[in-house]
$ cat work18.pdb   # PDB, C-alpha atoms
ATOM      1  CA  VAL A   1      -6.331   5.839 -41.215  1.00  0.00           C
ATOM      2  CA  ARG A   2      -6.600   8.453 -43.907  1.00  0.00           C
ATOM      3  CA  ASN A   3      -9.915   8.947 -45.617  1.00  0.00           C
ATOM      4  CA  GLY A   4     -10.438   9.727 -49.285  1.00  0.00           C
ATOM      5  CA  THR A   5      -9.569  13.421 -48.822  1.00  0.00           C
ATOM      6  CA  GLY A   6      -6.323  12.642 -46.967  1.00  0.00           C
ATOM      7  CA  GLU A   7      -7.608  13.498 -43.469  1.00  0.00           C
ATOM      8  CA  ASN A   8      -6.680  11.283 -40.524  1.00  0.00           C
ATOM      9  CA  VAL A   9      -9.719   9.591 -39.001  1.00  0.00           C
ATOM     10  CA  GLN A  10     -10.007   7.045 -36.217  1.00  0.00           C
ATOM     11  CA  ALA A  11     -11.158   3.563 -37.102  1.00  0.00           C
ATOM     12  CA  SER A  12     -11.443   0.286 -35.242  1.00  0.00           C
ATOM     13  CA  LEU A  13      -9.949  -2.935 -36.467  1.00  0.00           C
ATOM     14  CA  SER A  14     -11.629  -6.114 -35.301  1.00  0.00           C
ATOM     15  CA  VAL A  15      -9.743  -9.373 -34.854  1.00  0.00           C
ATOM     16  CA  SER A  16     -11.830 -10.919 -37.645  1.00  0.00           C
ATOM     17  CA  ASP A  17     -10.417  -8.258 -40.028  1.00  0.00           C
ATOM     18  CA  LEU A  18      -6.930  -9.731 -39.537  1.00  0.00           C
ATOM     19  CA  THR A  19      -5.435 -12.422 -41.724  1.00  0.00           C
ATOM     20  CA  PRO A  20      -5.504 -15.966 -40.305  1.00  0.00           C
ATOM     21  CA  GLU A  21      -1.815 -15.540 -39.296  1.00  0.00           C
ATOM     22  CA  GLY A  22      -2.657 -12.181 -37.686  1.00  0.00           C
ATOM     23  CA  GLN A  23      -5.525 -13.799 -35.749  1.00  0.00           C
ATOM     24  CA  ARG A  24      -3.200 -16.592 -34.508  1.00  0.00           C
ATOM     25  CA  GLN A  25      -0.600 -14.035 -33.382  1.00  0.00           C
ATOM     26  CA  TYR A  26      -3.304 -11.950 -31.664  1.00  0.00           C
ATOM     27  CA  LYS A  27      -4.526 -15.032 -29.753  1.00  0.00           C
ATOM     28  CA  ARG A  28      -0.938 -15.971 -28.841  1.00  0.00           C
ATOM     29  CA  LEU A  29      -0.226 -12.467 -27.505  1.00  0.00           C
ATOM     30  CA  LEU A  30      -3.500 -12.422 -25.560  1.00  0.00           C
ATOM     31  CA  ASP A  31      -2.650 -15.801 -23.978  1.00  0.00           C
ATOM     32  CA  ASP A  32       0.824 -14.497 -23.082  1.00  0.00           C
ATOM     33  CA  ILE A  33      -0.637 -11.386 -21.464  1.00  0.00           C
ATOM     34  CA  ARG A  34      -3.028 -13.497 -19.391  1.00  0.00           C
ATOM     35  CA  THR A  35      -0.332 -15.872 -18.141  1.00  0.00           C
ATOM     36  CA  ILE A  36       2.781 -13.717 -17.728  1.00  0.00           C
ATOM     37  CA  THR A  37       3.442 -12.286 -14.284  1.00  0.00           C
ATOM     38  CA  SER A  38       6.085  -9.857 -13.124  1.00  0.00           C
ATOM     39  CA  GLY A  39       5.976 -10.995  -9.522  1.00  0.00           C
ATOM     40  CA  ILE A  40       5.076  -7.442  -8.546  1.00  0.00           C
ATOM     41  CA  HIS A  41       1.585  -7.123  -7.120  1.00  0.00           C
ATOM     42  CA  ILE A  42      -0.673  -4.253  -8.110  1.00  0.00           C
ATOM     43  CA  SER A  43      -1.547  -3.608  -4.448  1.00  0.00           C
ATOM     44  CA  PRO A  44       1.358  -4.034  -2.003  1.00  0.00           C
ATOM     45  CA  ILE A  45      -0.757  -3.002   0.991  1.00  0.00           C
ATOM     46  CA  ASP A  46      -3.077  -5.941   0.346  1.00  0.00           C
ATOM     47  CA  VAL A  47      -0.122  -8.319   0.022  1.00  0.00           C
ATOM     48  CA  MET A  48       1.207  -7.083   3.376  1.00  0.00           C
ATOM     49  CA  THR A  49      -2.230  -7.472   4.959  1.00  0.00           C
ATOM     50  CA  LYS A  50      -2.511 -11.074   3.758  1.00  0.00           C
ATOM     51  CA  GLU A  51       1.001 -11.955   4.971  1.00  0.00           C
ATOM     52  CA  LEU A  52       0.360 -10.403   8.384  1.00  0.00           C
ATOM     53  CA  LYS A  53      -2.998 -12.152   8.776  1.00  0.00           C
ATOM     54  CA  ASP A  54      -1.499 -15.450   7.630  1.00  0.00           C
ATOM     55  CA  ALA A  55       1.083 -14.988  10.421  1.00  0.00           C
ATOM     56  CA  GLY A  56      -1.764 -14.731  12.943  1.00  0.00           C
ATOM     57  CA  LEU A  57      -1.788 -10.961  13.426  1.00  0.00           C
ATOM     58  CA  ARG A  58      -4.927  -8.834  13.549  1.00  0.00           C
ATOM     59  CA  VAL A  59      -4.672  -5.952  11.084  1.00  0.00           C
ATOM     60  CA  GLY A  60      -6.376  -2.579  10.763  1.00  0.00           C
ATOM     61  CA  GLU A  61      -5.939  -0.130   7.898  1.00  0.00           C
ATOM     62  CA  ILE A  62      -5.984   3.661   7.938  1.00  0.00           C
ATOM     63  CA  THR A  63      -5.979   4.830   4.332  1.00  0.00           C
ATOM     64  CA  GLY A  64      -8.389   6.660   2.079  1.00  0.00           C
ATOM     65  CA  ARG A  65      -9.187   3.478   0.144  1.00  0.00           C
ATOM     66  CA  SER A  66     -12.831   2.438  -0.206  1.00  0.00           C
ATOM     67  CA  LYS A  67     -11.965  -0.921  -1.781  1.00  0.00           C
ATOM     68  CA  TYR A  68      -9.283  -3.554  -1.305  1.00  0.00           C
ATOM     69  CA  LEU A  69      -8.090  -6.738  -2.948  1.00  0.00           C
ATOM     70  CA  GLU A  70      -8.705  -9.924  -1.019  1.00  0.00           C
ATOM     71  CA  ILE A  71      -5.829 -12.090  -2.183  1.00  0.00           C
ATOM     72  CA  GLN A  72      -6.687 -15.761  -2.504  1.00  0.00           C
ATOM     73  CA  ASP A  73      -4.284 -18.597  -1.707  1.00  0.00           C
ATOM     74  CA  ASP A  74      -4.002 -19.384  -5.430  1.00  0.00           C
ATOM     75  CA  GLY A  75      -2.725 -15.840  -6.111  1.00  0.00           C
ATOM     76  CA  SER A  76      -5.945 -14.521  -7.632  1.00  0.00           C
ATOM     77  CA  SER A  77      -7.702 -11.516  -6.099  1.00  0.00           C
ATOM     78  CA  VAL A  78     -11.261 -10.401  -5.456  1.00  0.00           C
ATOM     79  CA  VAL A  79     -12.166  -6.698  -5.226  1.00  0.00           C
ATOM     80  CA  LYS A  80     -14.087  -5.994  -2.008  1.00  0.00           C
ATOM     81  CA  GLU A  81     -15.543  -2.951  -0.235  1.00  0.00           C
ATOM     82  CA  ARG A  82     -13.755  -1.730   2.892  1.00  0.00           C
ATOM     83  CA  HIS A  83     -16.255  -1.485   5.718  1.00  0.00           C
ATOM     84  CA  GLU A  84     -14.182  -0.435   8.722  1.00  0.00           C
ATOM     85  CA  ARG A  85     -12.864   2.961   7.662  1.00  0.00           C
ATOM     86  CA  ASP A  86     -13.306   5.087  10.800  1.00  0.00           C
ATOM     87  CA  ILE A  87      -9.832   6.215  11.834  1.00  0.00           C
ATOM     88  CA  ASN A  88     -10.725   6.697  15.497  1.00  0.00           C
ATOM     89  CA  THR A  89     -12.298   3.227  15.795  1.00  0.00           C
ATOM     90  CA  ILE A  90      -9.204   1.590  14.322  1.00  0.00           C
ATOM     91  CA  ALA A  91      -6.919   3.619  16.625  1.00  0.00           C
ATOM     92  CA  ARG A  92      -9.040   2.648  19.657  1.00  0.00           C
ATOM     93  CA  LYS A  93      -8.890  -1.042  18.687  1.00  0.00           C
ATOM     94  CA  PHE A  94      -5.119  -0.836  18.263  1.00  0.00           C
ATOM     95  CA  ASN A  95      -4.601   0.945  21.580  1.00  0.00           C
ATOM     96  CA  SER A  96      -6.792  -1.582  23.406  1.00  0.00           C
ATOM     97  CA  GLY A  97      -4.985  -4.577  21.877  1.00  0.00           C
ATOM     98  CA  GLU A  98      -7.920  -5.747  19.711  1.00  0.00           C
ATOM     99  CA  ILE A  99      -5.688  -5.393  16.654  1.00  0.00           C
ATOM    100  CA  ASP A 100      -1.930  -5.863  16.481  1.00  0.00           C
ATOM    101  CA  VAL A 101      -0.947  -3.901  13.374  1.00  0.00           C
ATOM    102  CA  VAL A 102      -2.147  -0.694  11.761  1.00  0.00           C
ATOM    103  CA  LEU A 103      -1.239  -0.138   8.124  1.00  0.00           C
ATOM    104  CA  LEU A 104      -1.463   3.544   7.332  1.00  0.00           C
ATOM    105  CA  ASN A 105      -0.483   6.056   4.718  1.00  0.00           C
ATOM    106  CA  ALA A 106      -0.656   9.856   4.691  1.00  0.00           C
ATOM    107  CA  SER A 107      -4.374   9.561   5.581  1.00  0.00           C
ATOM    108  CA  GLY A 108      -3.344   8.471   9.072  1.00  0.00           C
ATOM    109  CA  ALA A 109      -0.518  10.955   9.556  1.00  0.00           C
ATOM    110  CA  THR A 110      -2.474  13.330  11.783  1.00  0.00           C
ATOM    111  CA  GLY A 111      -5.166  13.360  14.428  1.00  0.00           C
ATOM    112  CA  ILE A 112      -4.633   9.990  16.141  1.00  0.00           C
ATOM    113  CA  SER A 113      -2.476   8.600  18.920  1.00  0.00           C
ATOM    114  CA  LEU A 114      -0.934   5.174  18.423  1.00  0.00           C
ATOM    115  CA  HIS A 115       1.888   5.410  20.969  1.00  0.00           C
ATOM    116  CA  ALA A 116       2.441   3.108  23.957  1.00  0.00           C
ATOM    117  CA  SER A 117       0.652   5.431  26.344  1.00  0.00           C
ATOM    118  CA  LYS A 118       0.230   4.768  30.047  1.00  0.00           C
ATOM    119  CA  GLU A 119      -3.450   5.584  29.361  1.00  0.00           C
ATOM    120  CA  PHE A 120      -3.913   2.695  26.887  1.00  0.00           C
ATOM    121  CA  LYS A 121      -4.617  -0.947  27.692  1.00  0.00           C
ATOM    122  CA  ASP A 122      -2.070  -2.142  25.115  1.00  0.00           C
ATOM    123  CA  GLN A 123       1.329  -0.752  26.070  1.00  0.00           C
ATOM    124  CA  ARG A 124       3.484  -2.932  23.823  1.00  0.00           C
ATOM    125  CA  PRO A 125       6.400  -1.057  22.224  1.00  0.00           C
ATOM    126  CA  ARG A 126       5.421   0.546  18.911  1.00  0.00           C
ATOM    127  CA  VAL A 127       7.313   0.129  15.654  1.00  0.00           C
ATOM    128  CA  LEU A 128       6.596   2.151  12.533  1.00  0.00           C
ATOM    129  CA  ILE A 129       7.698   0.178   9.472  1.00  0.00           C
ATOM    130  CA  SER A 130       7.628   2.374   6.396  1.00  0.00           C
ATOM    131  CA  GLY A 131       7.451   0.907   2.914  1.00  0.00           C
ATOM    132  CA  GLN A 132       7.333   4.252   1.150  1.00  0.00           C
ATOM    133  CA  LEU A 133       9.415   7.322   1.868  1.00  0.00           C
ATOM    134  CA  GLU A 134       7.452  10.554   2.104  1.00  0.00           C
ATOM    135  CA  LEU A 135       8.742  13.167  -0.316  1.00  0.00           C
ATOM    136  CA  ASP A 136       7.371  15.899   1.955  1.00  0.00           C
ATOM    137  CA  ILE A 137       9.392  15.615   5.162  1.00  0.00           C
ATOM    138  CA  ASN A 138       6.626  17.376   7.125  1.00  0.00           C
ATOM    139  CA  LYS A 139       4.281  14.455   6.378  1.00  0.00           C
ATOM    140  CA  GLU A 140       6.948  12.021   7.561  1.00  0.00           C
ATOM    141  CA  VAL A 141       7.392  13.898  10.836  1.00  0.00           C
ATOM    142  CA  GLN A 142       3.604  13.907  11.301  1.00  0.00           C
ATOM    143  CA  LYS A 143       3.450  10.158  10.613  1.00  0.00           C
ATOM    144  CA  ARG A 144       6.279   9.481  13.092  1.00  0.00           C
ATOM    145  CA  GLY A 145       4.373  11.476  15.676  1.00  0.00           C
ATOM    146  CA  ARG A 146       1.614   8.861  15.777  1.00  0.00           C
ATOM    147  CA  ILE A 147       3.827   6.380  17.693  1.00  0.00           C
ATOM    148  CA  ASP A 148       6.322   8.720  19.370  1.00  0.00           C
ATOM    149  CA  ARG A 149       4.490  11.099  21.693  1.00  0.00           C
ATOM    150  CA  THR A 150       4.500  12.618  25.145  1.00  0.00           C
ATOM    151  CA  GLY A 151       3.320  10.261  27.882  1.00  0.00           C
ATOM    152  CA  GLN A 152       4.584   7.064  26.297  1.00  0.00           C
ATOM    153  CA  VAL A 153       5.963   4.157  28.318  1.00  0.00           C
ATOM    154  CA  HIS A 154       8.175   2.935  25.431  1.00  0.00           C
ATOM    155  CA  ARG A 155       9.943   5.045  22.833  1.00  0.00           C
ATOM    156  CA  GLY A 156       8.704   4.468  19.254  1.00  0.00           C
ATOM    157  CA  GLU A 157      11.009   2.677  16.810  1.00  0.00           C
ATOM    158  CA  PHE A 158      11.251   3.451  13.101  1.00  0.00           C
ATOM    159  CA  GLN A 159      12.243   1.018  10.362  1.00  0.00           C
ATOM    160  CA  TYR A 160      12.338   1.670   6.630  1.00  0.00           C
ATOM    161  CA  VAL A 161      12.044  -0.934   3.902  1.00  0.00           C
ATOM    162  CA  VAL A 162      14.101   0.261   0.928  1.00  0.00           C
ATOM    163  CA  SER A 163      15.343  -1.694  -2.078  1.00  0.00           C
ATOM    164  CA  SER A 164      18.882  -1.548  -3.420  1.00  0.00           C
ATOM    165  CA  ILE A 165      17.688   0.133  -6.627  1.00  0.00           C
ATOM    166  CA  PRO A 166      19.949   3.211  -7.093  1.00  0.00           C
ATOM    167  CA  ALA A 167      17.020   5.595  -7.624  1.00  0.00           C
ATOM    168  CA  GLU A 168      15.444   4.497  -4.344  1.00  0.00           C
ATOM    169  CA  GLN A 169      18.795   4.691  -2.550  1.00  0.00           C
ATOM    170  CA  ARG A 170      19.164   8.270  -3.793  1.00  0.00           C
ATOM    171  CA  LEU A 171      15.710   9.117  -2.397  1.00  0.00           C
ATOM    172  CA  LEU A 172      16.754   7.551   0.908  1.00  0.00           C
ATOM    173  CA  MET A 173      19.890   9.730   1.074  1.00  0.00           C
ATOM    174  CA  MET A 174      17.817  12.858   0.357  1.00  0.00           C
ATOM    175  CA  PHE A 175      15.234  11.716   2.932  1.00  0.00           C
ATOM    176  CA  LYS A 176      17.909  11.267   5.632  1.00  0.00           C
ATOM    177  CA  ALA A 177      19.368  14.693   4.885  1.00  0.00           C
ATOM    178  CA  LYS A 178      15.933  16.293   5.224  1.00  0.00           C
ATOM    179  CA  LEU A 179      15.274  14.482   8.520  1.00  0.00           C
ATOM    180  CA  LYS A 180      18.653  15.603   9.847  1.00  0.00           C
ATOM    181  CA  SER A 181      17.941  19.240   9.068  1.00  0.00           C
TER
END

$ encode --input "work18.pdb" --output "structure tokens"
Amino acid sequence: VRNGTGENVQASLSVSDLTPEGQRQYKRLLDDIRTITSGIHISPIDVMTKELKDAGLRVGEITGRSKYLEIQDDGSSVVKERHERDINTIARKFNSGEIDVVLLNASGATGISLHASKEFKDQRPRVLISGQLELDINKEVQKRGRIDRTGQVHRGEFQYVVSSIPAEQRLLMMFKAKLKS
């Protein structure tokens, strides 16, 4: 608002300062905001974790996150602290068969072996399913190297989840060209 000398100054407007019609509209908008959903979750990694666990799989996570959302059956979420964050412990559990799936991002792209090694107890074939294309192709190659390494008994497989949105398709074409080169 402008003050008496014509300068712009910040001011707060409380709901009680609104007209009765303005207060009704404010309440209506607030109710709409609380009830409308886009169907897109704020934390896809937590949605994937819930779906995998609901399917009976044991899941480990290698990311830099210190918190996660525990998604309830009713769709609500509770913010929780992540306790198991040691990359090497999660890799060991995966390679021994104590966990079935490792969800990782760029934080897990180097320094660990997750391939089907003849040295590991769990020698099931490995599949890297990527839900986000790396813009830096070097990071992608590093990430792929976690499951596709020397001494493996099964070659690693790579799958990419990409929508049909044109912008994402364009990124996929650029990604493929970079991988080819």

$ closest_residue --input "work18.pdb" --among "A:Asn105, A:Gln152, A:Asn8, A:Ser66" --to "Val79 in chain A" --atoms "all atoms listed in the file"
A:Ser66

$ atom_distance --input "work18.pdb" --atom1 "CA of Ile112 in chain A" --atom2 "CA of Glu61 in chain A"
13.1 Å

$ closest_residue --input "work18.pdb" --among "A:Val141, A:Gly108, A:Glu157, A:Gly75" --to "Gly39 in chain A" --atoms "all atoms listed in the file"
A:Gly75

$ residues_around --input "work18.pdb" --residues "range 160-175 of chain A" --least-positions-apart "2" --cutoff "9 Å" --atoms "all atoms listed in the file" --output "ChimeraX atom specification"
/A:128-137,158,177-180

$ resolve_selection --input "work18.pdb" --expression "the PyMOL selection byres ((chain A and resi 44-52) around 12)" --output "short mmCIF file (atom, residue, chain, number, x, y, z; two decimals) with C-alpha atoms, keeping the file's coordinate frame"
data_model
loop_
_atom_site.label_atom_id
_atom_site.label_comp_id
_atom_site.auth_asym_id
_atom_site.auth_seq_id
_atom_site.Cartn_x
_atom_site.Cartn_y
_atom_site.Cartn_z
CA GLY A 39 5.98 -11.00 -9.52
CA ILE A 40 5.08 -7.44 -8.55
CA HIS A 41 1.58 -7.12 -7.12
CA ILE A 42 -0.67 -4.25 -8.11
CA SER A 43 -1.55 -3.61 -4.45
CA LYS A 53 -3.00 -12.15 8.78
CA ASP A 54 -1.50 -15.45 7.63
CA ALA A 55 1.08 -14.99 10.42
CA GLY A 56 -1.76 -14.73 12.94
CA LEU A 57 -1.79 -10.96 13.43
CA ARG A 58 -4.93 -8.83 13.55
CA VAL A 59 -4.67 -5.95 11.08
CA GLY A 60 -6.38 -2.58 10.76
CA GLU A 61 -5.94 -0.13 7.90
CA ILE A 62 -5.98 3.66 7.94
CA THR A 63 -5.98 4.83 4.33
CA ARG A 65 -9.19 3.48 0.14
CA LYS A 67 -11.96 -0.92 -1.78
CA TYR A 68 -9.28 -3.55 -1.30
CA LEU A 69 -8.09 -6.74 -2.95
CA GLU A 70 -8.70 -9.92 -1.02
CA ILE A 71 -5.83 -12.09 -2.18
CA GLN A 72 -6.69 -15.76 -2.50
CA ASP A 73 -4.28 -18.60 -1.71
CA GLY A 75 -2.72 -15.84 -6.11
CA SER A 76 -5.94 -14.52 -7.63
CA SER A 77 -7.70 -11.52 -6.10
CA VAL A 78 -11.26 -10.40 -5.46
CA VAL A 79 -12.17 -6.70 -5.23
CA LYS A 80 -14.09 -5.99 -2.01
CA ARG A 82 -13.76 -1.73 2.89
CA ILE A 99 -5.69 -5.39 16.65
CA ASP A 100 -1.93 -5.86 16.48
CA VAL A 101 -0.95 -3.90 13.37
CA VAL A 102 -2.15 -0.69 11.76
CA LEU A 103 -1.24 -0.14 8.12
CA LEU A 104 -1.46 3.54 7.33
CA ASN A 105 -0.48 6.06 4.72
CA ILE A 129 7.70 0.18 9.47
CA SER A 130 7.63 2.37 6.40
CA GLY A 131 7.45 0.91 2.91
CA GLN A 132 7.33 4.25 1.15
#

$ closest_residue --input "work18.pdb" --among "A:Gly97, A:Pro125, A:Gly145, A:Gly151" --to "Thr110 in chain A" --atoms "all atoms listed in the file"
A:Gly145

$ atom_distance --input "work18.pdb" --atom1 "CA of Gly156 in chain A" --atom2 "CA of Thr89 in chain A"
21.3 Å

$ atom_distance --input "work18.pdb" --atom1 "CA of Ile90 in chain A" --atom2 "CA of Lys143 in chain A"
15.7 Å

$ residues_around --input "work18.pdb" --residues "Ala11 in chain A" --least-positions-apart "5" --cutoff "12 Å" --atoms "only C-alpha atoms" --output "list in words"
Val1, Arg2 and Asn3 of chain A

$ resolve_selection --input "work18.pdb" --expression "the PyMOL selection byres ((chain A and resi 119) around 12)" --output "PDB file with C-alpha atoms, keeping the file's coordinate frame"
ATOM      1  CA  ARG A  92      -9.040   2.648  19.657  1.00  0.00           C
ATOM      2  CA  ASN A  95      -4.601   0.945  21.580  1.00  0.00           C
ATOM      3  CA  SER A  96      -6.792  -1.582  23.406  1.00  0.00           C
ATOM      4  CA  SER A 113      -2.476   8.600  18.920  1.00  0.00           C
ATOM      5  CA  LEU A 114      -0.934   5.174  18.423  1.00  0.00           C
ATOM      6  CA  HIS A 115       1.888   5.410  20.969  1.00  0.00           C
ATOM      7  CA  ALA A 116       2.441   3.108  23.957  1.00  0.00           C
ATOM      8  CA  SER A 117       0.652   5.431  26.344  1.00  0.00           C
ATOM      9  CA  LYS A 118       0.230   4.768  30.047  1.00  0.00           C
ATOM     10  CA  PHE A 120      -3.913   2.695  26.887  1.00  0.00           C
ATOM     11  CA  LYS A 121      -4.617  -0.947  27.692  1.00  0.00           C
ATOM     12  CA  ASP A 122      -2.070  -2.142  25.115  1.00  0.00           C
ATOM     13  CA  GLN A 123       1.329  -0.752  26.070  1.00  0.00           C
ATOM     14  CA  THR A 150       4.500  12.618  25.145  1.00  0.00           C
ATOM     15  CA  GLY A 151       3.320  10.261  27.882  1.00  0.00           C
ATOM     16  CA  GLN A 152       4.584   7.064  26.297  1.00  0.00           C
ATOM     17  CA  VAL A 153       5.963   4.157  28.318  1.00  0.00           C
TER      18      VAL A 153
END

$ axis_aligned_box --input "work18.pdb" --around "range 108-126 of chain A" --padding-each-side "5 Å" --output "JSON"
{"center_x": 0.6, "center_y": 5.2, "center_z": 19.6, "size_x": 21.6, "size_y": 26.3, "size_z": 31.0}

$ closest_residue --input "work18.pdb" --among "A:Glu140, A:Gly64, A:Ala106, A:Arg146" --to "Lys176 in chain A" --atoms "all atoms listed in the file"
A:Glu140

$ closest_residue --input "work18.pdb" --among "A:Asp74, A:His154, A:Arg124, A:Ala109" --to "Asn138 in chain A" --atoms "all atoms listed in the file"
A:Ala109

$ decode --input "work18.pdb" --residues "range 148-175 of chain A" --atoms "N, CA and C atoms" --output "JSON list (two decimals), in the first residue's frame"
[["chain", "number", "residue", "atom", "x", "y", "z"],
["A", 148, "ASP", "N", 26.61, -53.09, -13.55],
["A", 148, "ASP", "CA", 27.21, -53.68, -14.75],
["A", 148, "ASP", "C", 28.72, -53.56, -14.63],
["A", 149, "ARG", "N", 29.34, -54.58, -14.02],
["A", 149, "ARG", "CA", 30.76, -54.49, -13.69],
["A", 149, "ARG", "C", 31.50, -55.77, -14.04],
["A", 150, "THR", "N", 32.79, -55.70, -13.99],
["A", 150, "THR", "CA", 33.64, -56.86, -14.20],
["A", 150, "THR", "C", 33.37, -57.91, -13.12],
["A", 151, "GLY", "N", 33.37, -59.17, -13.49],
["A", 151, "GLY", "CA", 33.19, -60.24, -12.52],
["A", 151, "GLY", "C", 31.74, -60.59, -12.24],
["A", 152, "GLN", "N", 30.84, -60.11, -13.07],
["A", 152, "GLN", "CA", 29.42, -60.40, -12.85],
["A", 152, "GLN", "C", 29.03, -61.72, -13.49],
["A", 153, "VAL", "N", 28.01, -62.38, -12.91],
["A", 153, "VAL", "CA", 27.53, -63.64, -13.46],
["A", 153, "VAL", "C", 26.33, -63.41, -14.38],
["A", 154, "HIS", "N", 25.70, -62.24, -14.30],
["A", 154, "HIS", "CA", 24.61, -61.84, -15.19],
["A", 154, "HIS", "C", 24.85, -60.40, -15.61],
["A", 155, "ARG", "N", 24.64, -60.12, -16.86],
["A", 155, "ARG", "CA", 24.77, -58.76, -17.37],
["A", 155, "ARG", "C", 23.65, -57.89, -16.82],
["A", 156, "GLY", "N", 23.95, -56.65, -16.42],
["A", 156, "GLY", "CA", 22.94, -55.72, -15.92],
["A", 156, "GLY", "C", 21.98, -55.30, -17.02],
["A", 157, "GLU", "N", 20.74, -55.04, -16.65],
["A", 157, "GLU", "CA", 19.71, -54.59, -17.59],
["A", 157, "GLU", "C", 19.28, -53.19, -17.18],
["A", 158, "PHE", "N", 18.99, -52.35, -18.18],
["A", 158, "PHE", "CA", 18.60, -50.97, -17.92],
["A", 158, "PHE", "C", 17.24, -50.67, -18.51],
["A", 159, "GLN", "N", 16.34, -50.12, -17.69],
["A", 159, "GLN", "CA", 15.02, -49.73, -18.15],
["A", 159, "GLN", "C", 14.77, -48.29, -17.72],
["A", 160, "TYR", "N", 14.11, -47.54, -18.59],
["A", 160, "TYR", "CA", 13.84, -46.14, -18.30],
["A", 160, "TYR", "C", 12.34, -45.89, -18.35],
["A", 161, "VAL", "N", 11.84, -45.22, -17.33],
["A", 161, "VAL", "CA", 10.43, -44.86, -17.25],
["A", 161, "VAL", "C", 10.32, -43.42, -17.71],
["A", 162, "VAL", "N", 9.67, -43.21, -18.86],
["A", 162, "VAL", "CA", 9.57, -41.88, -19.46],
["A", 162, "VAL", "C", 8.14, -41.68, -19.92],
["A", 163, "SER", "N", 7.59, -40.51, -19.63],
["A", 163, "SER", "CA", 6.21, -40.22, -20.05],
["A", 163, "SER", "C", 6.18, -39.86, -21.53],
["A", 164, "SER", "N", 4.99, -39.69, -22.05],
["A", 164, "SER", "CA", 4.84, -39.31, -23.46],
["A", 164, "SER", "C", 4.78, -37.79, -23.63],
["A", 165, "ILE", "N", 5.07, -37.05, -22.58],
["A", 165, "ILE", "CA", 5.09, -35.59, -22.66],
["A", 165, "ILE", "C", 6.22, -35.19, -23.63],
["A", 166, "PRO", "N", 5.92, -34.35, -24.64],
["A", 166, "PRO", "CA", 6.94, -34.00, -25.64],
["A", 166, "PRO", "C", 8.26, -33.50, -25.06],
["A", 167, "ALA", "N", 8.21, -32.69, -24.02],
["A", 167, "ALA", "CA", 9.45, -32.17, -23.44],
["A", 167, "ALA", "C", 10.31, -33.31, -22.88],
["A", 168, "GLU", "N", 9.67, -34.30, -22.27],
["A", 168, "GLU", "CA", 10.42, -35.43, -21.72],
["A", 168, "GLU", "C", 10.92, -36.33, -22.85],
["A", 169, "GLN", "N", 10.14, -36.47, -23.91],
["A", 169, "GLN", "CA", 10.58, -37.25, -25.06],
["A", 169, "GLN", "C", 11.81, -36.61, -25.71],
["A", 170, "ARG", "N", 11.81, -35.29, -25.76],
["A", 170, "ARG", "CA", 12.96, -34.57, -26.32],
["A", 170, "ARG", "C", 14.21, -34.84, -25.48],
["A", 171, "LEU", "N", 14.06, -34.79, -24.14],
["A", 171, "LEU", "CA", 15.19, -35.10, -23.26],
["A", 171, "LEU", "C", 15.68, -36.52, -23.48],
["A", 172, "LEU", "N", 14.74, -37.44, -23.70],
["A", 172, "LEU", "CA", 15.12, -38.83, -23.95],
["A", 172, "LEU", "C", 15.93, -38.96, -25.24],
["A", 173, "MET", "N", 15.52, -38.26, -26.29],
["A", 173, "MET", "CA", 16.27, -38.30, -27.56],
["A", 173, "MET", "C", 17.68, -37.75, -27.36],
["A", 174, "MET", "N", 17.80, -36.64, -26.63],
["A", 174, "MET", "CA", 19.12, -36.05, -26.37],
["A", 174, "MET", "C", 19.95, -37.02, -25.51],
["A", 175, "PHE", "N", 19.32, -37.65, -24.54],
["A", 175, "PHE", "CA", 19.97, -38.60, -23.65],
["A", 175, "PHE", "C", 20.54, -39.78, -24.46]]
